[in-house]
file final-v8.txt (compact mmCIF, C-alpha atoms (C1' of nucleotides))
# COMPACT_ATOMS: atom_id res chain seq x y z
CA MET A 11 10.84 -15.10 -7.93
CA GLU A 12 8.21 -15.23 -10.63
CA SER A 13 7.01 -11.69 -10.43
CA ASN A 14 6.99 -8.48 -8.46
CA GLN A 15 3.76 -7.23 -9.88
CA PHE A 16 2.30 -6.67 -6.44
CA ILE A 17 4.61 -3.97 -5.37
CA LYS A 18 4.16 -1.67 -8.30
CA GLY A 19 4.41 1.90 -7.21
CA SER A 20 5.99 1.00 -3.91
CA LEU A 21 9.51 0.96 -5.33
CA THR A 22 9.95 4.68 -4.77
CA ALA A 23 8.91 4.43 -1.14
CA ILE A 24 11.27 1.50 -0.62
CA ILE A 25 14.21 3.41 -2.06
CA LEU A 26 13.44 6.40 0.14
CA LYS A 27 13.14 4.17 3.19
CA LEU A 28 16.50 2.53 2.53
CA LEU A 29 18.14 5.92 2.24
CA GLU A 30 16.36 7.22 5.30
CA ASP A 31 18.01 4.49 7.33
CA ASN A 32 21.40 4.41 5.67
CA SER A 33 22.37 7.94 4.66
CA ARG A 34 23.97 6.65 1.46
CA MET A 35 23.74 3.57 -0.69
CA TYR A 36 24.51 2.62 -4.26
CA GLY A 37 22.10 0.93 -6.62
CA TYR A 38 23.53 -2.53 -6.67
CA GLU A 39 23.73 -2.47 -2.90
CA MET A 40 20.01 -1.70 -2.70
CA THR A 41 19.11 -4.75 -4.76
CA LYS A 42 21.23 -6.95 -2.53
CA ALA A 43 19.87 -5.37 0.65
CA VAL A 44 16.25 -5.98 -0.35
CA ARG A 45 16.94 -9.56 -1.38
CA GLU A 46 18.70 -10.34 1.87
CA LEU A 47 16.29 -8.52 4.15
CA THR A 48 13.30 -10.28 2.60
CA LYS A 49 15.07 -13.64 2.38
CA GLU A 50 14.91 -13.68 -1.40
CA LYS A 51 11.16 -13.11 -1.38
CA MET A 52 11.46 -9.73 -3.04
CA ASN A 53 13.81 -8.88 -5.86
CA ILE A 54 14.20 -5.38 -7.17
CA THR A 55 15.55 -5.73 -10.66
CA GLU A 56 18.20 -3.32 -11.81
CA ALA A 57 16.12 -2.48 -14.86
CA ALA A 58 13.40 -1.20 -12.55
CA LEU A 59 15.74 0.34 -10.02
CA TYR A 60 18.05 2.52 -12.10
CA PRO A 61 15.35 4.41 -13.98
CA ALA A 62 13.54 4.93 -10.66
CA LEU A 63 16.71 6.34 -9.09
CA HIS A 64 17.34 8.65 -12.03
CA LYS A 65 13.81 9.95 -11.80
CA LEU A 66 14.22 10.72 -8.09
CA VAL A 67 17.43 12.60 -8.87
CA ASP A 68 15.61 14.59 -11.57
CA GLU A 69 12.91 15.43 -9.07
CA GLY A 70 15.48 16.74 -6.63
CA LEU A 71 14.91 14.09 -4.00
CA LEU A 72 18.30 12.42 -4.28
CA ASP A 73 21.90 13.54 -4.66
CA THR A 74 24.68 11.43 -6.10
CA ILE A 75 28.41 11.11 -5.56
CA ASN A 76 30.69 8.90 -7.62
CA GLU A 77 33.45 7.01 -5.88
CA MET A 78 36.12 4.69 -7.18
CA VAL A 79 36.24 1.38 -5.36
CA ASP A 80 38.46 -1.46 -6.58
CA GLY A 81 38.76 0.05 -10.02
CA ARG A 82 35.00 0.34 -10.42
CA VAL A 83 32.79 3.38 -10.18
CA ARG A 84 30.15 3.38 -7.51
CA LYS A 85 27.38 5.94 -7.60
CA TYR A 86 26.21 6.66 -4.09
CA TYR A 87 22.73 8.09 -3.58
CA SER A 88 21.56 10.10 -0.60
CA LEU A 89 18.45 12.06 0.34
CA THR A 90 18.30 15.79 -0.24
CA LYS A 91 16.41 17.96 2.23
CA LYS A 92 13.40 17.73 -0.05
CA GLY A 93 13.97 14.00 -0.28
CA LYS A 94 13.79 13.61 3.49
CA LYS A 95 10.37 15.24 3.58
CA GLU A 96 9.14 13.19 0.67
CA ALA A 97 10.45 10.03 2.29
CA THR A 98 8.18 10.53 5.28
CA THR A 99 5.19 11.33 3.10
CA LYS A 100 5.65 8.43 0.72
CA ILE A 101 6.33 5.89 3.45
CA ASP A 102 3.25 6.98 5.38
CA ALA A 103 1.15 6.80 2.24
CA LEU A 104 2.38 3.32 1.44
CA ASN A 105 1.70 2.13 4.98
CA GLU A 106 -1.84 3.44 4.74
CA ALA A 107 -2.37 1.83 1.37
CA ILE A 108 -1.13 -1.47 2.76
CA ALA A 109 -3.47 -1.12 5.72
CA SER A 110 -6.40 -0.72 3.33
CA VAL A 111 -5.41 -3.73 1.29
CA GLN A 112 -5.11 -5.75 4.47
CA ILE A 113 -8.60 -4.79 5.54
CA ILE A 114 -9.80 -6.35 2.33
CA LEU A 115 -7.54 -9.37 2.43
CA ASN A 116 -7.67 -10.35 6.07
CA SER A 117 -11.28 -10.34 7.06
CA LYS A 118 -14.41 -12.21 6.17
CA LEU A 119 -16.09 -9.70 3.95
CA ALA A 120 -19.70 -10.74 3.88
CA TYR A 121 -20.80 -7.56 2.21
CA GLU A 122 -24.20 -5.96 2.62
CA MET B 4 -8.49 10.23 -2.70
CA GLU B 5 -5.51 11.57 -4.59
CA SER B 6 -4.13 8.38 -6.00
CA ASN B 7 -4.16 4.61 -5.86
CA GLN B 8 -0.72 4.19 -7.27
CA PHE B 9 0.38 2.02 -4.39
CA ILE B 10 -1.98 -0.79 -4.99
CA LYS B 11 -1.16 -1.44 -8.61
CA GLY B 12 -1.30 -5.10 -9.35
CA SER B 13 -3.28 -5.90 -6.26
CA LEU B 14 -6.62 -5.15 -7.90
CA THR B 15 -6.96 -8.69 -9.23
CA ALA B 16 -6.31 -10.20 -5.82
CA ILE B 17 -8.84 -7.84 -4.24
CA ILE B 18 -11.53 -8.82 -6.74
CA LEU B 19 -10.86 -12.50 -6.14
CA LYS B 20 -10.98 -12.00 -2.38
CA LEU B 21 -14.32 -10.19 -2.56
CA LEU B 22 -15.77 -13.03 -4.60
CA GLU B 23 -14.25 -15.65 -2.34
CA ASP B 24 -16.24 -14.18 0.53
CA ASN B 25 -19.43 -13.28 -1.27
CA SER B 26 -20.12 -15.93 -3.92
CA ARG B 27 -21.44 -13.28 -6.27
CA MET B 28 -21.14 -9.54 -6.68
CA TYR B 29 -21.60 -6.98 -9.44
CA GLY B 30 -19.03 -4.41 -10.42
CA TYR B 31 -20.61 -1.31 -9.02
CA GLU B 32 -21.17 -3.15 -5.75
CA MET B 33 -17.47 -3.96 -5.54
CA THR B 34 -16.49 -0.31 -5.80
CA LYS B 35 -18.92 0.60 -3.04
CA ALA B 36 -17.81 -2.30 -0.85
CA VAL B 37 -14.15 -1.33 -1.04
CA ARG B 38 -14.87 2.33 -0.34
CA GLU B 39 -16.98 1.48 2.68
CA LEU B 40 -14.73 -1.20 4.09
CA THR B 41 -11.68 1.04 3.89
CA LYS B 42 -13.56 4.12 5.08
CA GLU B 43 -12.99 5.97 1.81
CA LYS B 44 -9.24 5.38 1.96
CA MET B 45 -9.27 3.20 -1.10
CA ASN B 46 -11.28 3.82 -4.23
CA ILE B 47 -11.41 1.35 -7.07
CA THR B 48 -12.43 3.33 -10.12
CA GLU B 49 -14.83 1.75 -12.55
CA ALA B 50 -12.42 2.46 -15.37
CA ALA B 51 -9.88 0.22 -13.68
CA LEU B 52 -12.37 -2.33 -12.43
CA TYR B 53 -14.37 -3.23 -15.52
CA PRO B 54 -11.41 -4.01 -17.76
CA ALA B 55 -9.93 -6.07 -14.91
CA LEU B 56 -13.17 -8.02 -14.54
CA HIS B 57 -13.37 -8.66 -18.28
CA LYS B 58 -9.83 -9.93 -18.28
CA LEU B 59 -10.60 -12.37 -15.47
CA VAL B 60 -13.61 -13.63 -17.40
CA ASP B 61 -11.42 -14.11 -20.49
CA GLU B 62 -8.95 -16.07 -18.39
CA GLY B 63 -11.71 -18.35 -17.19
CA LEU B 64 -11.54 -17.29 -13.56
CA LEU B 65 -14.96 -15.65 -13.40
CA ASP B 66 -18.45 -16.44 -14.66
CA THR B 67 -21.17 -13.87 -15.23
CA ILE B 68 -24.94 -13.81 -15.01
CA ASN B 69 -27.09 -10.87 -16.02
CA GLU B 70 -30.11 -10.02 -13.91
CA MET B 71 -32.75 -7.35 -14.23
CA VAL B 72 -33.19 -5.31 -11.07
CA ASP B 73 -35.39 -2.21 -11.01
CA GLY B 74 -35.32 -1.87 -14.75
CA ARG B 75 -31.52 -1.98 -14.87
CA VAL B 76 -29.21 -4.81 -15.87
CA ARG B 77 -26.83 -6.07 -13.26
CA LYS B 78 -23.95 -8.29 -14.24
CA TYR B 79 -23.10 -10.61 -11.39
CA TYR B 80 -19.64 -12.13 -11.23
CA SER B 81 -18.70 -15.34 -9.46
CA LEU B 82 -15.60 -17.54 -9.21
CA THR B 83 -15.21 -20.53 -11.47
CA LYS B 84 -13.50 -23.63 -10.15
CA LYS B 85 -10.29 -22.37 -11.69
CA GLY B 86 -11.00 -18.98 -10.17
CA LYS B 87 -11.23 -20.44 -6.70
CA LYS B 88 -7.79 -21.94 -7.00
CA GLU B 89 -6.34 -18.77 -8.40
CA ALA B 90 -7.97 -16.76 -5.63
CA THR B 91 -6.04 -18.67 -3.02
CA THR B 92 -2.80 -18.38 -4.93
CA LYS B 93 -3.10 -14.68 -5.68
CA ILE B 94 -4.21 -13.74 -2.18
CA ASP B 95 -1.34 -15.69 -0.63
CA ALA B 96 1.09 -14.06 -3.04
CA LEU B 97 -0.17 -10.59 -2.22
CA ASN B 98 0.03 -11.28 1.51
CA GLU B 99 3.62 -12.39 1.11
CA ALA B 100 4.46 -9.38 -0.99
CA ILE B 101 2.97 -7.11 1.64
CA ALA B 102 4.94 -8.89 4.34
CA SER B 103 8.13 -8.24 2.39
CA VAL B 104 7.32 -4.58 1.91
CA GLN B 105 6.61 -4.29 5.61
CA ILE B 106 9.97 -5.78 6.49
CA ILE B 107 11.51 -2.95 4.51
CA LEU B 108 9.20 -0.23 5.78
CA ASN B 109 8.90 -1.08 9.44
CA SER B 110 12.37 -1.73 10.70
CA LYS B 111 15.59 0.16 11.11
CA LEU B 112 17.52 -1.08 8.16
CA ALA B 113 21.13 -0.34 8.95
CA TYR B 114 22.44 -2.40 6.09
CA GLU B 115 25.83 -3.99 5.50
C1' DA C 15 44.90 -18.60 -20.52
C1' DC C 16 39.96 -19.22 -20.35
C1' DT C 17 35.65 -19.22 -18.46
C1' DT C 18 32.32 -18.20 -14.98
C1' DA C 19 30.43 -15.61 -11.23
C1' DA C 20 30.11 -11.47 -8.91
C1' DT C 21 30.25 -6.58 -8.94
C1' DA C 22 28.41 -2.28 -10.94
C1' DC C 23 26.56 0.63 -14.06
C1' DC C 24 23.08 1.24 -17.85
C1' DT C 25 19.20 1.47 -21.89
C1' DA C 26 15.39 0.39 -25.18
C1' DA C 27 11.26 -1.92 -26.63
C1' DA C 28 7.30 -3.95 -25.17
C1' DT C 29 3.81 -5.04 -21.87
C1' DT C 30 0.88 -4.33 -18.09
C1' DT C 31 -1.79 -1.53 -15.32
C1' DG C 32 -4.13 2.36 -14.15
C1' DT C 33 -5.69 7.31 -14.94
C1' DT C 34 -8.21 10.76 -17.23
C1' DA C 35 -12.05 11.76 -19.48
C1' DG C 36 -15.47 10.77 -21.25
C1' DG C 37 -20.34 8.04 -22.99
C1' DT C 38 -25.06 5.59 -22.32
C1' DA C 39 -29.26 4.68 -19.74
C1' DT C 40 -32.72 4.05 -15.81
C1' DA C 41 -34.69 5.36 -11.22
C1' DA C 42 -35.41 8.39 -7.38
C1' DG C 43 -35.69 12.79 -5.05
C1' DC C 44 -36.46 17.72 -5.03
C1' DG D 24 -36.94 19.53 -15.21
C1' DC D 25 -32.64 18.89 -12.87
C1' DT D 26 -29.51 16.45 -10.07
C1' DT D 27 -27.89 12.39 -7.74
C1' DA D 28 -27.36 7.60 -7.49
C1' DT D 29 -27.27 3.38 -9.81
C1' DA D 30 -25.05 0.51 -13.41
C1' DC D 31 -22.72 -0.60 -17.31
C1' DC D 32 -18.89 0.64 -20.54
C1' DT D 33 -14.65 2.36 -23.77
C1' DA D 34 -10.68 4.90 -25.66
C1' DA D 35 -6.52 7.64 -25.40
C1' DC D 36 -2.85 8.43 -22.64
C1' DA D 37 0.60 8.00 -18.96
C1' DA D 38 3.25 5.54 -15.67
C1' DA D 39 5.64 1.69 -13.99
C1' DT D 40 7.70 -2.55 -14.71
C1' DT D 41 9.35 -6.59 -17.41
C1' DT D 42 12.05 -8.62 -20.85
C1' DA D 43 16.11 -8.65 -22.89
C1' DG D 44 19.73 -7.17 -23.59
C1' DG D 45 24.70 -4.15 -23.31
C1' DT D 46 29.37 -2.61 -21.15
C1' DA D 47 33.25 -3.18 -18.05
C1' DT D 48 36.16 -4.68 -13.97
C1' DT D 49 37.64 -8.05 -10.44
C1' DA D 50 37.95 -12.59 -8.32
C1' DA D 51 37.84 -17.47 -8.46
C1' DG D 52 38.09 -21.81 -10.51
C1' DT D 53 40.18 -25.24 -14.05

call {"tool": "encode", "arguments": {"input": "final-v8.txt", "output": "structure tokens"}}
result
Amino acid sequence: MESNQFIKGSLTAIILKLLEDNSRMYGYEMTKAVRELTKEKMNITEAALYPALHKLVDEGLLDTINEMVDGRVRKYYSLTKKGKKEATTKIDALNEAIASVQIILNSKLAYE
Amino acid sequence: MESNQFIKGSLTAIILKLLEDNSRMYGYEMTKAVRELTKEKMNITEAALYPALHKLVDEGLLDTINEMVDGRVRKYYSLTKKGKKEATTKIDALNEAIASVQIILNSKLAYE
DNA sequence: ACTTAATACCTAAATTTGTTAGGTATAAGC
DNA sequence: GCTTATACCTAACAAATTTAGGTATTAAGT
């Protein structure tokens, strides 16, 4: 997995989508989920993920609950009410952006 | 057009795709082409475009030729041999990245 | 007992990329 | 003479991600 440079800015939407479908997840679980779902094609690094999660908490889009599991702390994230609205907005926006990119990528663009 | 934050990193691939289809284009023309093709949904600002073009020239992926048209200089860009190879690679990579994002965005992801 | 892999959290410095906010200059339309 | 469109550009800043670590527990292998 050389690079993720193509999905810059989409990380937030991906996090929100995961939490829209799962009600609660913890960070490490998200990285595994994305790797498995995309068959190792996409890897969300923890160094990118954790700051992104903290920012979403600061913005009031996510809540957290700590739970002890097997002697380790897990920090579960879930969408706030505001987060649920934002999830819809951000996911729609990303889908539209992708649609635009695909117009460019997947057509013969003899311009003018 | 509030923001392009979703397409970060894809600008290079878009430039290469435009030049793959058109053999030569100038910067201002690229911005117009993308706006028109995406029906104003995507806007590539000149401030993002020109530095990106210069970088691709520095990397040996693009050649330039200046031409006088109506008393103004136009700088036409075209793919070098190396640029043609990179175009294929980068476009494929972006398509795969998009496919991965779509797996996440467009399915019920009850994980675990 | 020791080491490695997996789980689970995290940060800091540096880089990359893009935005914001300009600047220059010519041509065309009113 | 003023505005819009064409056509190039840069510099300062902000945002997002990468690189490169760190800490700590549990499970598995030797």

call {"tool": "interface_residues", "arguments": {"input": "final-v8.txt", "of": "chain C", "to": "chain B", "cutoff": "12 Å", "atoms": "only C-alpha atoms (C1' of nucleotides)", "output": "ChimeraX atom specification"}}
result
/C:30-36,39-42

call {"tool": "calpha_fit_and_write", "arguments": {"input": "final-v8.txt", "fixed": "chain B", "moving": "chain A", "output": "short mmCIF file (atom, residue, chain, number, x, y, z; two decimals) with C-alpha atoms, in the coordinates of the input"}}
result
data_model
loop_
_atom_site.label_atom_id
_atom_site.label_comp_id
_atom_site.auth_asym_id
_atom_site.auth_seq_id
_atom_site.Cartn_x
_atom_site.Cartn_y
_atom_site.Cartn_z
CA MET A 11 -8.28 10.14 -2.66
CA GLU A 12 -5.38 11.49 -4.66
CA SER A 13 -4.08 8.27 -6.03
CA ASN A 14 -4.14 4.51 -5.84
CA GLN A 15 -0.73 4.03 -7.31
CA PHE A 16 0.37 1.87 -4.41
CA ILE A 17 -1.93 -0.97 -5.02
CA LYS A 18 -1.08 -1.60 -8.62
CA GLY A 19 -1.31 -5.25 -9.40
CA SER A 20 -3.27 -6.01 -6.27
CA LEU A 21 -6.62 -5.24 -7.88
CA THR A 22 -6.97 -8.77 -9.22
CA ALA A 23 -6.33 -10.30 -5.81
CA ILE A 24 -8.84 -7.93 -4.23
CA ILE A 25 -11.54 -8.87 -6.72
CA LEU A 26 -10.89 -12.56 -6.14
CA LYS A 27 -11.01 -12.06 -2.39
CA LEU A 28 -14.34 -10.25 -2.56
CA LEU A 29 -15.80 -13.06 -4.61
CA GLU A 30 -14.31 -15.69 -2.36
CA ASP A 31 -16.27 -14.24 0.53
CA ASN A 32 -19.47 -13.32 -1.26
CA SER A 33 -20.19 -15.92 -3.93
CA ARG A 34 -21.49 -13.23 -6.29
CA MET A 35 -21.15 -9.50 -6.67
CA TYR A 36 -21.57 -6.95 -9.42
CA GLY A 37 -18.99 -4.38 -10.40
CA TYR A 38 -20.54 -1.29 -8.96
CA GLU A 39 -21.13 -3.14 -5.72
CA MET A 40 -17.43 -3.98 -5.50
CA THR A 41 -16.43 -0.33 -5.74
CA LYS A 42 -18.86 0.58 -2.99
CA ALA A 43 -17.79 -2.35 -0.81
CA VAL A 44 -14.11 -1.40 -0.99
CA ARG A 45 -14.82 2.25 -0.26
CA GLU A 46 -16.95 1.41 2.75
CA LEU A 47 -14.73 -1.32 4.14
CA THR A 48 -11.66 0.92 3.96
CA LYS A 49 -13.52 4.01 5.17
CA GLU A 50 -12.96 5.84 1.91
CA LYS A 51 -9.22 5.27 2.07
CA MET A 52 -9.21 3.10 -1.02
CA ASN A 53 -11.21 3.73 -4.14
CA ILE A 54 -11.32 1.29 -7.00
CA THR A 55 -12.31 3.29 -10.03
CA GLU A 56 -14.72 1.76 -12.47
CA ALA A 57 -12.30 2.45 -15.30
CA ALA A 58 -9.80 0.17 -13.59
CA LEU A 59 -12.33 -2.35 -12.38
CA TYR A 60 -14.32 -3.23 -15.49
CA PRO A 61 -11.36 -4.04 -17.73
CA ALA A 62 -9.90 -6.11 -14.87
CA LEU A 63 -13.16 -8.05 -14.53
CA HIS A 64 -13.39 -8.66 -18.26
CA LYS A 65 -9.85 -9.98 -18.29
CA LEU A 66 -10.63 -12.42 -15.46
CA VAL A 67 -13.66 -13.64 -17.40
CA ASP A 68 -11.49 -14.13 -20.50
CA GLU A 69 -9.04 -16.11 -18.41
CA GLY A 70 -11.80 -18.38 -17.20
CA LEU A 71 -11.62 -17.32 -13.58
CA LEU A 72 -15.02 -15.66 -13.41
CA ASP A 73 -18.51 -16.40 -14.67
CA THR A 74 -21.20 -13.81 -15.24
CA ILE A 75 -24.98 -13.72 -15.03
CA ASN A 76 -27.11 -10.76 -16.03
CA GLU A 77 -30.11 -9.88 -13.92
CA MET A 78 -32.71 -7.18 -14.25
CA VAL A 79 -33.15 -5.14 -11.10
CA ASP A 80 -35.34 -2.02 -11.06
CA GLY A 81 -35.21 -1.70 -14.81
CA ARG A 82 -31.42 -1.83 -14.88
CA VAL A 83 -29.14 -4.65 -15.87
CA ARG A 84 -26.80 -5.97 -13.25
CA LYS A 85 -23.94 -8.22 -14.23
CA TYR A 86 -23.12 -10.55 -11.38
CA TYR A 87 -19.66 -12.11 -11.23
CA SER A 88 -18.74 -15.32 -9.46
CA LEU A 89 -15.67 -17.54 -9.22
CA THR A 90 -15.32 -20.55 -11.49
CA LYS A 91 -13.62 -23.66 -10.15
CA LYS A 92 -10.40 -22.43 -11.70
CA GLY A 93 -11.08 -19.03 -10.18
CA LYS A 94 -11.32 -20.49 -6.69
CA LYS A 95 -7.87 -22.02 -7.00
CA GLU A 96 -6.42 -18.85 -8.43
CA ALA A 97 -8.01 -16.83 -5.66
CA THR A 98 -6.05 -18.73 -3.03
CA THR A 99 -2.82 -18.45 -4.98
CA LYS A 100 -3.14 -14.75 -5.73
CA ILE A 101 -4.20 -13.81 -2.22
CA ASP A 102 -1.30 -15.74 -0.71
CA ALA A 103 1.11 -14.12 -3.13
CA LEU A 104 -0.16 -10.66 -2.30
CA ASN A 105 0.09 -11.32 1.43
CA GLU A 106 3.69 -12.42 0.99
CA ALA A 107 4.51 -9.40 -1.12
CA ILE A 108 3.00 -7.14 1.52
CA ALA A 109 5.03 -8.90 4.20
CA SER A 110 8.21 -8.17 2.25
CA VAL A 111 7.32 -4.53 1.79
CA GLN A 112 6.61 -4.27 5.49
CA ILE A 113 10.00 -5.68 6.36
CA ILE A 114 11.47 -2.80 4.44
CA LEU A 115 9.10 -0.16 5.71
CA ASN A 116 8.81 -1.03 9.37
CA SER A 117 12.29 -1.58 10.63
CA LYS A 118 15.42 0.44 11.09
CA LEU A 119 17.42 -0.74 8.15
CA ALA A 120 20.98 0.15 8.99
CA TYR A 121 22.37 -1.87 6.14
CA GLU A 122 25.77 -3.53 6.12
#

call {"tool": "closest_residue", "arguments": {"input": "final-v8.txt", "among": "B:Tyr31, B:Lys42, B:Glu23, B:Asp61", "to": "Lys84 of chain B", "atoms": "only C-alpha atoms"}}
result
B:Glu23

call {"tool": "interface_residues", "arguments": {"input": "final-v8.txt", "of": "chain A", "to": "chain B", "cutoff": "10 Å", "atoms": "only C-alpha atoms", "output": "tab-separated table (two decimals) with C-alpha atoms, keeping the file's coordinate frame"}}
result
chain	number	residue	atom	x	y	z
A	13	SER	CA	7.01	-11.69	-10.43
A	14	ASN	CA	6.99	-8.48	-8.46
A	15	GLN	CA	3.76	-7.23	-9.88
A	16	PHE	CA	2.30	-6.67	-6.44
A	17	ILE	CA	4.61	-3.97	-5.37
A	18	LYS	CA	4.16	-1.67	-8.30
A	19	GLY	CA	4.41	1.90	-7.21
A	20	SER	CA	5.99	1.00	-3.91
A	21	LEU	CA	9.51	0.96	-5.33
A	22	THR	CA	9.95	4.68	-4.77
A	23	ALA	CA	8.91	4.43	-1.14
A	24	ILE	CA	11.27	1.50	-0.62
A	25	ILE	CA	14.21	3.41	-2.06
A	26	LEU	CA	13.44	6.40	0.14
A	27	LYS	CA	13.14	4.17	3.19
A	28	LEU	CA	16.50	2.53	2.53
A	29	LEU	CA	18.14	5.92	2.24
A	30	GLU	CA	16.36	7.22	5.30
A	31	ASP	CA	18.01	4.49	7.33
A	32	ASN	CA	21.40	4.41	5.67
A	33	SER	CA	22.37	7.94	4.66
A	35	MET	CA	23.74	3.57	-0.69
A	39	GLU	CA	23.73	-2.47	-2.90
A	40	MET	CA	20.01	-1.70	-2.70
A	42	LYS	CA	21.23	-6.95	-2.53
A	43	ALA	CA	19.87	-5.37	0.65
A	44	VAL	CA	16.25	-5.98	-0.35
A	45	ARG	CA	16.94	-9.56	-1.38
A	46	GLU	CA	18.70	-10.34	1.87
A	47	LEU	CA	16.29	-8.52	4.15
A	48	THR	CA	13.30	-10.28	2.60
A	49	LYS	CA	15.07	-13.64	2.38
A	50	GLU	CA	14.91	-13.68	-1.40
A	51	LYS	CA	11.16	-13.11	-1.38
A	52	MET	CA	11.46	-9.73	-3.04
A	100	LYS	CA	5.65	8.43	0.72
A	101	ILE	CA	6.33	5.89	3.45
A	102	ASP	CA	3.25	6.98	5.38
A	103	ALA	CA	1.15	6.80	2.24
A	104	LEU	CA	2.38	3.32	1.44
A	105	ASN	CA	1.70	2.13	4.98
A	106	GLU	CA	-1.84	3.44	4.74
A	107	ALA	CA	-2.37	1.83	1.37
A	108	ILE	CA	-1.13	-1.47	2.76
A	109	ALA	CA	-3.47	-1.12	5.72
A	110	SER	CA	-6.40	-0.72	3.33
A	111	VAL	CA	-5.41	-3.73	1.29
A	112	GLN	CA	-5.11	-5.75	4.47
A	113	ILE	CA	-8.60	-4.79	5.54
A	114	ILE	CA	-9.80	-6.35	2.33
A	115	LEU	CA	-7.54	-9.37	2.43
A	116	ASN	CA	-7.67	-10.35	6.07
A	117	SER	CA	-11.28	-10.34	7.06
A	118	LYS	CA	-14.41	-12.21	6.17
A	119	LEU	CA	-16.09	-9.70	3.95
A	120	ALA	CA	-19.70	-10.74	3.88
A	121	TYR	CA	-20.80	-7.56	2.21
A	122	GLU	CA	-24.20	-5.96	2.62

call {"tool": "atom_distance", "arguments": {"input": "final-v8.txt", "atom1": "atom C1' of DA37 of chain D", "atom2": "atom C1' of DC23 of chain C"}}
result
27.4 Å
